[in-house]
>>> print(open('query38.tsv').read())   # TSV, C-alpha atoms
chain	number	residue	atom	x	y	z
A	1107	MET	CA	0.00	0.00	0.00
A	1108	THR	CA	1.34	3.42	-0.91
A	1109	SER	CA	0.68	6.62	0.99
A	1110	LYS	CA	-0.26	9.86	-0.65
A	1111	THR	CA	2.52	12.36	-1.14
A	1112	PRO	CA	1.65	15.62	0.64
A	1113	GLN	CA	1.18	18.47	-1.79
A	1114	LYS	CA	1.81	22.09	-0.88
A	1115	HIS	CA	-1.37	24.16	-1.02
A	1116	TRP	CA	-1.40	27.92	-1.66
A	1117	SER	CA	-2.59	28.42	1.91
A	1118	ASP	CA	0.60	26.74	3.15
A	1119	SER	CA	2.63	29.44	1.43
A	1120	ILE	CA	0.65	32.13	3.25
A	1121	VAL	CA	1.16	30.40	6.61
A	1122	GLU	CA	4.86	30.01	5.91
A	1123	LEU	CA	5.26	33.69	5.04
A	1124	PHE	CA	3.35	34.69	8.17
A	1125	LEU	CA	5.49	32.48	10.41
A	1126	ARG	CA	8.69	33.78	8.86
A	1127	ALA	CA	7.53	37.36	9.51
A	1128	ALA	CA	6.40	36.47	13.02
A	1129	ALA	CA	9.77	34.91	13.82
A	1130	SER	CA	11.40	38.20	12.84
A	1131	GLY	CA	9.77	39.67	15.94
A	1132	TRP	CA	6.61	41.16	14.46
A	1133	VAL	CA	4.37	38.94	16.59
A	1134	PRO	CA	4.77	38.04	20.28
A	1135	ALA	CA	5.87	34.41	20.65
A	1136	SER	CA	3.59	34.14	23.69
A	1137	LEU	CA	0.62	33.95	21.31
A	1138	PHE	CA	1.88	30.54	20.15
A	1139	GLN	CA	4.20	29.19	22.85
A	1140	LYS	CA	2.97	28.23	26.30
A	1141	PRO	CA	5.27	29.43	29.10
A	1142	LEU	CA	8.50	27.45	29.24
A	1143	PRO	CA	10.31	26.59	32.50
A	1144	ALA	CA	11.73	29.75	34.05
A	1145	LYS	CA	15.50	30.00	34.44
A	1146	GLU	CA	15.33	29.27	38.16
A	1147	ALA	CA	13.16	26.18	37.53
A	1148	ARG	CA	15.62	24.51	35.13
A	1149	ALA	CA	18.04	21.91	36.43
A	1150	ALA	CA	21.57	23.26	36.89
A	1151	ARG	CA	23.33	19.99	36.12
A	1152	THR	CA	26.96	19.39	37.09
A	1153	GLY	CA	29.34	16.46	36.81
A	1154	LYS	CA	29.33	14.11	33.84
A	1155	LEU	CA	26.58	15.50	31.61
A	1156	ASP	CA	24.44	13.56	29.15
A	1157	ILE	CA	24.26	15.29	25.77
A	1158	GLU	CA	22.03	14.19	22.92
A	1159	ILE	CA	23.00	15.18	19.37
A	1160	VAL	CA	20.19	15.13	16.78
A	1161	SER	CA	20.99	14.99	13.07
A	1162	HIS	CA	19.03	14.32	9.87
A	1163	CYS	CA	20.34	12.65	6.72
A	1164	TRP	CA	18.75	12.32	3.30
A	1165	GLN	CA	21.19	11.64	0.44
A	1166	TYR	CA	24.02	13.21	2.46
A	1167	SER	CA	25.85	10.04	3.52
A	1168	HIS	CA	29.10	11.56	2.20
A	1169	PHE	CA	28.84	14.10	5.05
A	1170	LEU	CA	27.34	11.83	7.68
A	1171	ILE	CA	30.33	9.49	7.49
A	1172	TYR	CA	32.58	12.35	8.66
A	1173	GLN	CA	30.17	13.38	11.42
A	1174	LEU	CA	29.95	9.90	12.93
A	1175	SER	CA	33.68	9.35	12.41
A	1176	SER	CA	34.43	12.49	14.43
A	1177	LEU	CA	32.77	10.95	17.50
A	1178	ALA	CA	34.60	7.67	16.96
A	1179	LEU	CA	37.96	9.43	16.54
A	1180	TYR	CA	37.45	11.93	19.38
A	1181	PRO	CA	35.19	10.11	21.89
A	1182	PRO	CA	33.99	12.11	24.91
A	1183	THR	CA	35.50	11.51	28.34
A	1184	LYS	CA	33.67	14.19	30.37
A	1185	ALA	CA	30.17	13.54	29.01
A	1186	THR	CA	28.07	10.76	27.56
A	1187	VAL	CA	26.63	11.28	24.09
A	1188	THR	CA	23.52	9.86	22.47
A	1189	MET	CA	23.96	10.31	18.72
A	1190	THR	CA	20.49	10.34	17.16
A	1191	VAL	CA	20.19	10.25	13.37
A	1192	TYR	CA	16.88	10.47	11.51
A	1193	TYR	CA	16.89	8.78	8.11
A	1194	ASN	CA	14.86	6.71	5.64
A	1195	SER	CA	16.03	3.32	4.41
A	1196	GLU	CA	15.26	4.18	0.77
A	1197	ASP	CA	18.47	6.19	1.03
A	1198	THR	CA	20.58	3.04	0.86
A	1199	ARG	CA	23.97	4.77	1.15
A	1200	THR	CA	22.94	6.45	4.41
A	1201	ALA	CA	21.50	3.16	5.68
A	1202	ALA	CA	24.85	1.49	4.92
A	1203	VAL	CA	26.77	4.16	6.83
A	1204	LEU	CA	24.46	3.78	9.83
A	1205	ASP	CA	24.75	0.00	9.73
A	1206	PHE	CA	28.55	0.28	9.73
A	1207	PHE	CA	28.74	2.71	12.65
A	1208	GLY	CA	26.08	0.86	14.60
A	1209	LYS	CA	28.62	-1.96	14.90
A	1210	GLN	CA	31.39	0.34	16.17
A	1211	GLN	CA	31.83	0.36	19.94
A	1212	VAL	CA	32.77	3.92	20.99
A	1213	HIS	CA	33.29	4.68	24.67
A	1214	GLY	CA	30.81	7.25	25.93
A	1215	VAL	CA	28.70	7.19	22.75
A	1216	THR	CA	25.33	5.50	22.20
A	1217	TRP	CA	24.14	5.25	18.58
A	1218	ASN	CA	20.42	5.88	18.08
A	1219	TRP	CA	19.08	5.48	14.54
A	1220	ARG	CA	15.49	6.65	14.02
A	1221	GLU	CA	13.76	5.89	10.73
A	1222	LEU	CA	11.01	8.22	9.54
A	1223	PRO	CA	8.73	8.08	6.50
A	1224	LYS	CA	10.33	10.18	3.77
A	1225	ASN	CA	7.71	12.91	3.93
A	1226	SER	CA	8.27	13.33	7.68
A	1227	LEU	CA	12.04	13.26	7.24
A	1228	PHE	CA	11.82	16.06	4.68
A	1229	ARG	CA	10.47	18.45	7.34
A	1230	ARG	CA	13.43	18.56	9.72
A	1231	ALA	CA	11.39	20.02	12.59
A	1232	ILE	CA	9.36	16.79	12.84
A	1233	GLY	CA	12.30	14.64	13.87
A	1234	ARG	CA	13.78	17.39	16.01
A	1235	ASN	CA	10.45	17.81	17.79
A	1236	GLU	CA	10.12	14.08	18.44
A	1237	ALA	CA	13.65	13.97	19.85
A	1238	ALA	CA	13.17	17.10	21.96
A	1239	LEU	CA	9.98	15.89	23.62
A	1240	ALA	CA	11.45	12.45	24.34
A	1241	THR	CA	15.01	13.34	25.31
A	1242	LYS	CA	16.38	12.32	28.69
A	1243	ALA	CA	19.56	14.32	28.16
A	1244	ASP	CA	20.73	17.33	30.16
A	1245	TRP	CA	21.31	19.22	26.89
A	1246	ILE	CA	20.29	18.51	23.30
A	1247	TRP	CA	22.30	19.69	20.28
A	1248	PHE	CA	20.25	20.10	17.09
A	1249	THR	CA	22.63	19.89	14.16
A	1250	ASP	CA	23.05	18.93	10.49
A	1251	CYS	CA	24.97	15.96	9.17
A	1252	ASP	CA	27.72	18.13	7.66
A	1253	LEU	CA	28.95	19.20	11.13
A	1254	MET	CA	31.76	17.42	13.01
A	1255	PHE	CA	32.69	17.26	16.69
A	1256	ARG	CA	36.44	16.96	16.67
A	1257	GLU	CA	39.17	17.19	19.31
A	1258	ASN	CA	37.94	18.33	22.74
A	1259	CYS	CA	34.62	19.56	21.33
A	1260	ILE	CA	32.22	17.57	23.51
A	1261	ASP	CA	34.47	17.58	26.59
A	1262	GLN	CA	34.91	21.35	26.55
A	1263	LEU	CA	31.19	21.81	25.93
A	1264	ALA	CA	30.47	19.66	28.99
A	1265	GLU	CA	32.81	21.80	31.10
A	1266	LEU	CA	31.25	25.04	29.88
A	1267	LEU	CA	27.73	23.75	30.60
A	1268	GLN	CA	28.44	22.96	34.25
A	1269	GLY	CA	25.63	24.48	36.33
A	1270	ARG	CA	24.23	26.52	33.44
A	1271	THR	CA	20.50	27.07	32.97
A	1272	ASP	CA	20.44	29.05	29.71
A	1273	SER	CA	17.65	28.03	27.35
A	1274	LEU	CA	19.97	28.02	24.32
A	1275	VAL	CA	23.73	28.17	23.72
A	1276	PHE	CA	25.90	27.84	20.63
A	1277	PRO	CA	29.57	27.61	19.53
A	1278	SER	CA	30.97	31.10	19.00
A	1279	ARG	CA	33.30	29.77	16.31
A	1280	GLU	CA	33.32	27.02	13.72
A	1281	ARG	CA	35.82	25.95	11.10
A	1282	ILE	CA	34.43	25.66	7.58
A	1283	THR	CA	35.54	24.66	4.09
A	1284	SER	CA	35.03	26.67	0.93
A	1285	LEU	CA	32.11	25.50	-1.23
A	1286	LEU	CA	33.20	22.06	-2.41
A	1287	ALA	CA	32.23	20.69	-5.83
A	1288	ASP	CA	30.47	17.35	-6.23
A	1289	ASP	CA	33.62	15.69	-7.58
A	1290	ASP	CA	35.81	16.80	-4.68
A	1291	PRO	CA	37.63	13.76	-3.26
A	1292	MET	CA	36.38	14.66	0.22
A	1293	LEU	CA	32.80	14.08	-0.90
A	1294	ASN	CA	33.32	10.66	-2.45
A	1295	PHE	CA	33.59	7.31	-0.72
A	1296	ASP	CA	32.98	3.70	-1.63
A	1297	PRO	CA	29.91	2.40	0.25
A	1298	LYS	CA	31.38	-1.11	-0.12
A	1299	ASP	CA	34.56	-0.05	1.71
A	1300	LEU	CA	33.30	1.92	4.71
A	1301	ARG	CA	35.68	2.95	7.47
A	1302	VAL	CA	36.17	5.56	10.16
A	1303	ILE	CA	37.62	8.54	8.31
A	1304	ASP	CA	39.02	11.94	9.28
A	1305	ILE	CA	39.12	15.21	7.34
A	1306	ASP	CA	42.04	17.28	6.07
A	1307	ASP	CA	42.22	20.02	8.71
A	1308	SER	CA	44.15	22.35	6.38
A	1309	ARG	CA	41.06	22.86	4.18
A	1310	PHE	CA	39.10	24.64	6.93
A	1311	ILE	CA	39.11	28.28	8.00
A	1312	GLU	CA	37.69	29.79	11.17
A	1313	GLN	CA	34.42	31.73	11.17
A	1314	THR	CA	32.73	33.61	14.02
A	1315	ARG	CA	29.04	33.02	14.72
A	1316	ASP	CA	26.66	35.52	16.32
A	1317	ARG	CA	23.59	33.35	16.99
A	1318	ALA	CA	22.43	29.77	17.32
A	1319	THR	CA	21.86	28.93	13.67
A	1320	GLY	CA	20.30	25.64	12.52
A	1321	PRO	CA	23.24	23.25	13.04
A	1322	LEU	CA	24.49	25.06	16.14
A	1323	GLN	CA	21.43	25.04	18.43
A	1324	ILE	CA	22.18	23.54	21.85
A	1325	ALA	CA	19.08	23.65	24.06
A	1326	HIS	CA	18.59	22.92	27.75
A	1327	GLY	CA	16.93	19.54	28.25
A	1328	ASP	CA	14.13	20.97	30.40
A	1329	ILE	CA	13.31	23.51	27.70
A	1330	ALA	CA	13.30	20.83	25.00
A	1331	ARG	CA	11.02	18.50	26.93
A	1332	ALA	CA	8.57	21.31	27.69
A	1333	GLY	CA	8.33	22.95	24.28
A	1334	GLY	CA	9.68	20.44	21.81
A	1335	TYR	CA	11.03	21.89	18.59
A	1336	CYS	CA	8.34	24.24	17.27
A	1337	ASN	CA	5.79	21.82	18.69
A	1338	SER	CA	3.25	24.63	19.01
A	1339	LEU	CA	3.51	25.55	15.31
A	1340	ALA	CA	1.43	22.97	13.45
A	1341	TYR	CA	2.73	24.04	10.05
A	1342	TYR	CA	6.27	22.97	10.94
A	1343	GLN	CA	5.00	19.54	12.00
A	1344	LYS	CA	3.37	18.75	8.65
A	1345	PRO	CA	5.02	16.17	6.35
A	1346	ALA	CA	6.26	17.57	3.04
A	1347	ALA	CA	6.65	16.38	-0.55
A	1348	GLY	CA	10.33	17.33	-0.71
A	1349	TRP	CA	13.16	18.49	1.51
A	1350	CYS	CA	12.20	21.80	3.11
A	1351	LYS	CA	14.39	24.80	3.72
A	1352	ALA	CA	14.81	25.09	7.48
A	1353	HIS	CA	12.90	28.31	8.21
A	1354	GLU	CA	11.84	26.76	11.51
A	1355	ASP	CA	15.34	27.37	12.90
A	1356	ARG	CA	14.54	31.04	13.33
A	1357	ALA	CA	11.09	30.18	14.67
A	1358	PHE	CA	12.67	27.98	17.34
A	1359	ARG	CA	14.80	30.87	18.60
A	1360	TRP	CA	11.76	33.16	18.48
A	1361	LEU	CA	9.70	30.77	20.61
A	1362	LEU	CA	12.56	30.52	23.12
A	1363	GLY	CA	13.03	34.29	23.13
A	1364	SER	CA	16.76	33.88	22.66
A	1365	GLN	CA	19.37	34.03	19.92
A	1366	GLY	CA	21.52	31.84	22.16
A	1367	VAL	CA	24.51	32.43	24.43
A	1368	PRO	CA	27.89	32.05	22.68
A	1369	LEU	CA	30.39	29.61	24.18
A	1370	GLU	CA	34.02	29.02	23.21
A	1371	ILE	CA	33.65	25.43	22.05
A	1372	PRO	CA	36.63	24.04	20.09
A	1373	GLY	CA	36.60	21.38	17.41
A	1374	VAL	CA	33.42	22.41	15.58
A	1375	TYR	CA	33.96	21.78	11.86
A	1376	ARG	CA	31.53	22.02	8.95
A	1377	ILE	CA	31.86	20.86	5.34
A	1378	ARG	CA	30.30	23.26	2.85
A	1379	HIS	CA	29.24	22.25	-0.64
A	1380	VAL	CA	27.89	23.72	-3.86
A	1381	SER	CA	25.12	21.22	-4.55
A	1382	LYS	CA	22.13	20.48	-2.36
A	1383	GLY	CA	21.64	16.82	-3.20
A	1384	ARG	CA	18.67	16.35	-0.89
A	1385	TYR	CA	16.49	18.82	-2.81
A	1386	THR	CA	14.32	17.63	-5.66
A	1387	GLY	CA	13.65	19.56	-8.84
A	1388	SER	CA	14.80	19.97	-12.42
A	1389	LYS	CA	18.43	19.95	-13.48
A	1390	LEU	CA	18.08	23.63	-14.41
A	1391	SER	CA	16.71	24.63	-10.99
A	1392	THR	CA	19.50	22.66	-9.31
A	1393	GLN	CA	22.09	24.48	-11.43
A	1394	ILE	CA	20.51	27.86	-10.64
A	1395	ARG	CA	20.56	27.05	-6.93
A	1396	SER	CA	24.22	26.05	-7.12
A	1397	ASN	CA	25.11	29.25	-8.97
A	1398	VAL	CA	23.33	31.34	-6.34
A	1399	ARG	CA	25.28	29.58	-3.59
A	1400	LYS	CA	28.54	30.35	-5.38
A	1401	ALA	CA	27.60	33.98	-5.95
A	1402	THR	CA	26.56	34.60	-2.35
A	1403	ASP	CA	29.45	32.72	-0.76
A	1404	LYS	CA	31.65	35.06	1.28
A	1405	HIS	CA	34.45	32.64	1.95
>>> encode(input="query38.tsv", output="structure tokens")
Amino acid sequence: MTSKTPQKHWSDSIVELFLRAAASGWVPASLFQKPLPAKEARAARTGKLDIEIVSHCWQYSHFLIYQLSSLALYPPTKATVTMTVYYNSEDTRTAAVLDFFGKQQVHGVTWNWRELPKNSLFRRAIGRNEAALATKADWIWFTDCDLMFRENCIDQLAELLQGRTDSLVFPSRERITSLLADDDPMLNFDPKDLRVIDIDDSRFIEQTRDRATGPLQIAHGDIARAGGYCNSLAYYQKPAAGWCKAHEDRAFRWLLGSQGVPLEIPGVYRIRHVSKGRYTGSKLSTQIRSNVRKATDKH
């Protein structure tokens, strides 16, 4: 039996435009978000923290392999990590990567693979919301599969989070590549010869961040359990026909009433790329999108 593919209605476009405007501060978040735990009511955890990392992967296995490798190569010692990845088994290369890493024993890391129907996977807020409401972690890091947690990243984060009750924090710096082409050797691997693999550090440059953008959102566990990830915004919990641009990232910060508190977290690396392989559309629209990314790239 096949399920119907959700189609975007014109009214969805109006709702999306309204929510994007609202998240810019034109509408009080209190109209949509029930009160979240006050700062003094949130647990100020100390000691060995439990951190959940939530990632999504659709046709991005060539990035995911680096993300999961980073935890295997630089396992945490001052925290425990639950690495949650949302995927769909029709993406056979991603499924192969997850199967490989699921067999790797990494001290301090628990692998947690969560399969979603494709249409639910395509709306990233759905998986993030599920994870947020169910998490047992002290802190939950919402990220993308092109981000890596390299040397001392998780351990330093755990130290910086000792006793904190902020609703949202983020790395003040990350190291990024230039926009890599599809045929770049870094983006190609043989799914029949999977292994733990590291990146070439020399290809990354440092960039300063000023807010908790989509892959850099680290929320307090009490906040996540109470509000989910845009749980109060029904539009962002609707399955979609294709991969959606993540406008809900800004909405999440709006609902929390915070752009995030910057922390000096080392070892945050991100691979950047010209093509967006997870998006569907014509070859022409894909080429236009790639050209726009090149034209607007500042690095």
>>> closest_atom_pairs(input="query38.tsv", of="segment 1198-1241 of chain A", to="segment 1149-1159 of chain A", cutoff="10 Å", atoms="all atoms listed in the file", output="CSV")
residue,atom,partner,partner_atom,distance
A:Gly1214,CA,A:Asp1156,CA,9.5
A:Val1215,CA,A:Glu1158,CA,9.7
A:Thr1216,CA,A:Glu1158,CA,9.3
A:Asn1218,CA,A:Ile1159,CA,9.7
A:Ala1237,CA,A:Glu1158,CA,8.9
A:Ala1238,CA,A:Glu1158,CA,9.4
A:Thr1241,CA,A:Glu1158,CA,7.5
>>> closest_residue(input="query38.tsv", among="A:Pro1372, A:Gly1363, A:Gly1269, A:Pro1297", to="Trp1245 of chain A", atoms="all atoms listed in the file")
A:Gly1269
>>> residues_around(input="query38.tsv", residues="segment 1265-1267 of chain A", least_positions_apart="3", cutoff="12 Å", atoms="only C-alpha atoms", output="PyMOL selection string")
chain A and resi 1149-1157+1182-1185+1244-1246+1258-1262+1270-1277+1324-1327+1367-1372
>>> closest_residue(input="query38.tsv", among="A:Arg1331, A:Lys1344, A:Arg1281, A:Arg1148", to="Gln1313 of chain A", atoms="all atoms listed in the file")
A:Arg1281
>>> atom_distance(input="query38.tsv", atom1="atom CA of Ile1232 of chain A", atom2="atom CA of Cys1336 of chain A")
8.7 Å
>>> atom_distance(input="query38.tsv", atom1="atom CA of Thr1283 of chain A", atom2="atom CA of Ile1377 of chain A")
5.4 Å
>>> axis_aligned_box(input="query38.tsv", around="segment 1210-1219 of chain A", padding_each_side="6 Å", output="JSON")
{"center_x": 26.2, "center_y": 3.8, "center_z": 20.2, "size_x": 26.2, "size_y": 18.9, "size_z": 23.4}
>>> closest_residue(input="query38.tsv", among="A:Leu1286, A:Ala1128, A:Leu1361, A:Val1203", to="Trp1219 of chain A", atoms="only C-alpha atoms")
A:Val1203
>>> atom_distance(input="query38.tsv", atom1="atom CA of Val1302 of chain A", atom2="atom CA of Leu1222 of chain A")
25.3 Å
>>> closest_residue(input="query38.tsv", among="A:Leu1239, A:Val1380, A:Leu1263, A:Ala1357", to="Ala1135 of chain A", atoms="all atoms listed in the file")
A:Ala1357
>>> closest_residue(input="query38.tsv", among="A:Leu1322, A:Tyr1192, A:Trp1360, A:Leu1204", to="Trp1132 of chain A", atoms="all atoms listed in the file")
A:Trp1360
>>> closest_residue(input="query38.tsv", among="A:His1168, A:Arg1126, A:Arg1376, A:Lys1145", to="Thr1249 of chain A", atoms="all atoms listed in the file")
A:Arg1376
>>> residues_near_point(input="query38.tsv", point="(40.5, 27.6, 0.3)", cutoff="9 Å", atoms="all atoms listed in the file", output="list in words")
Thr1283, Ser1284, Leu1285, Ser1308, Arg1309, Phe1310, Ile1311 and His1405 of chain A
>>> residues_around(input="query38.tsv", residues="Ala1352 of chain A", least_positions_apart="6", cutoff="8 Å", atoms="all atoms listed in the file", output="ChimeraX atom specification")
/A:1229-1231,1320
>>> residues_around(input="query38.tsv", residues="segment 1288-1294 of chain A", least_positions_apart="6", cutoff="12 Å", atoms="all atoms listed in the file", output="list in words")
Gln1165, Tyr1166, Ser1167, His1168, Phe1169, Leu1170, Ile1171, Tyr1172, Arg1199, Asp1252, Leu1300, Ile1303, Asp1304, Ile1305, Asp1306, Asp1307, Arg1309, Ile1377, Arg1378, His1379, Val1380, Ser1381, Lys1382, Gly1383 and Ser1396 of chain A
>>> decode(input="query38.tsv", residues="segment 1124-1213 of chain A", atoms="C-alpha atoms", output="short mmCIF file (atom, residue, chain, number, x, y, z; two decimals), in the first residue's frame")
data_model
loop_
_atom_site.label_atom_id
_atom_site.label_comp_id
_atom_site.auth_asym_id
_atom_site.auth_seq_id
_atom_site.Cartn_x
_atom_site.Cartn_y
_atom_site.Cartn_z
CA PHE A 1124 3.35 34.69 8.17
CA LEU A 1125 5.49 32.48 10.41
CA ARG A 1126 8.69 33.78 8.86
CA ALA A 1127 7.53 37.36 9.51
CA ALA A 1128 6.40 36.47 13.02
CA ALA A 1129 9.77 34.91 13.82
CA SER A 1130 11.40 38.20 12.84
CA GLY A 1131 9.77 39.67 15.94
CA TRP A 1132 6.61 41.16 14.46
CA VAL A 1133 4.37 38.94 16.59
CA PRO A 1134 4.77 38.04 20.28
CA ALA A 1135 5.87 34.41 20.65
CA SER A 1136 3.59 34.14 23.69
CA LEU A 1137 0.62 33.95 21.31
CA PHE A 1138 1.88 30.54 20.15
CA GLN A 1139 4.20 29.19 22.85
CA LYS A 1140 2.97 28.23 26.30
CA PRO A 1141 5.27 29.43 29.10
CA LEU A 1142 8.50 27.45 29.24
CA PRO A 1143 10.31 26.59 32.50
CA ALA A 1144 11.73 29.75 34.05
CA LYS A 1145 15.50 30.00 34.44
CA GLU A 1146 15.33 29.27 38.16
CA ALA A 1147 13.16 26.18 37.53
CA ARG A 1148 15.62 24.51 35.13
CA ALA A 1149 18.04 21.91 36.43
CA ALA A 1150 21.57 23.26 36.89
CA ARG A 1151 23.33 19.99 36.12
CA THR A 1152 26.96 19.39 37.09
CA GLY A 1153 29.34 16.46 36.81
CA LYS A 1154 29.33 14.11 33.84
CA LEU A 1155 26.58 15.50 31.61
CA ASP A 1156 24.44 13.56 29.15
CA ILE A 1157 24.26 15.29 25.77
CA GLU A 1158 22.03 14.19 22.92
CA ILE A 1159 23.00 15.18 19.37
CA VAL A 1160 20.19 15.13 16.78
CA SER A 1161 20.99 14.99 13.07
CA HIS A 1162 19.03 14.32 9.87
CA CYS A 1163 20.34 12.65 6.72
CA TRP A 1164 18.75 12.32 3.30
CA GLN A 1165 21.19 11.64 0.44
CA TYR A 1166 24.02 13.21 2.46
CA SER A 1167 25.85 10.04 3.52
CA HIS A 1168 29.10 11.56 2.20
CA PHE A 1169 28.84 14.10 5.05
CA LEU A 1170 27.34 11.83 7.68
CA ILE A 1171 30.33 9.49 7.49
CA TYR A 1172 32.58 12.35 8.66
CA GLN A 1173 30.17 13.38 11.42
CA LEU A 1174 29.95 9.90 12.93
CA SER A 1175 33.68 9.35 12.41
CA SER A 1176 34.43 12.49 14.43
CA LEU A 1177 32.77 10.95 17.50
CA ALA A 1178 34.60 7.67 16.96
CA LEU A 1179 37.96 9.43 16.54
CA TYR A 1180 37.45 11.93 19.38
CA PRO A 1181 35.19 10.11 21.89
CA PRO A 1182 33.99 12.11 24.91
CA THR A 1183 35.50 11.51 28.34
CA LYS A 1184 33.67 14.19 30.37
CA ALA A 1185 30.17 13.54 29.01
CA THR A 1186 28.07 10.76 27.56
CA VAL A 1187 26.63 11.28 24.09
CA THR A 1188 23.52 9.86 22.47
CA MET A 1189 23.96 10.31 18.72
CA THR A 1190 20.49 10.34 17.16
CA VAL A 1191 20.19 10.25 13.37
CA TYR A 1192 16.88 10.47 11.51
CA TYR A 1193 16.89 8.78 8.11
CA ASN A 1194 14.86 6.71 5.64
CA SER A 1195 16.03 3.32 4.41
CA GLU A 1196 15.26 4.18 0.77
CA ASP A 1197 18.47 6.19 1.03
CA THR A 1198 20.58 3.04 0.86
CA ARG A 1199 23.97 4.77 1.15
CA THR A 1200 22.94 6.45 4.41
CA ALA A 1201 21.50 3.16 5.68
CA ALA A 1202 24.85 1.49 4.92
CA VAL A 1203 26.77 4.16 6.83
CA LEU A 1204 24.46 3.78 9.83
CA ASP A 1205 24.75 0.00 9.73
CA PHE A 1206 28.55 0.28 9.73
CA PHE A 1207 28.74 2.71 12.65
CA GLY A 1208 26.08 0.86 14.60
CA LYS A 1209 28.62 -1.96 14.90
CA GLN A 1210 31.39 0.34 16.17
CA GLN A 1211 31.83 0.36 19.94
CA VAL A 1212 32.77 3.92 20.99
CA HIS A 1213 33.29 4.68 24.67
#
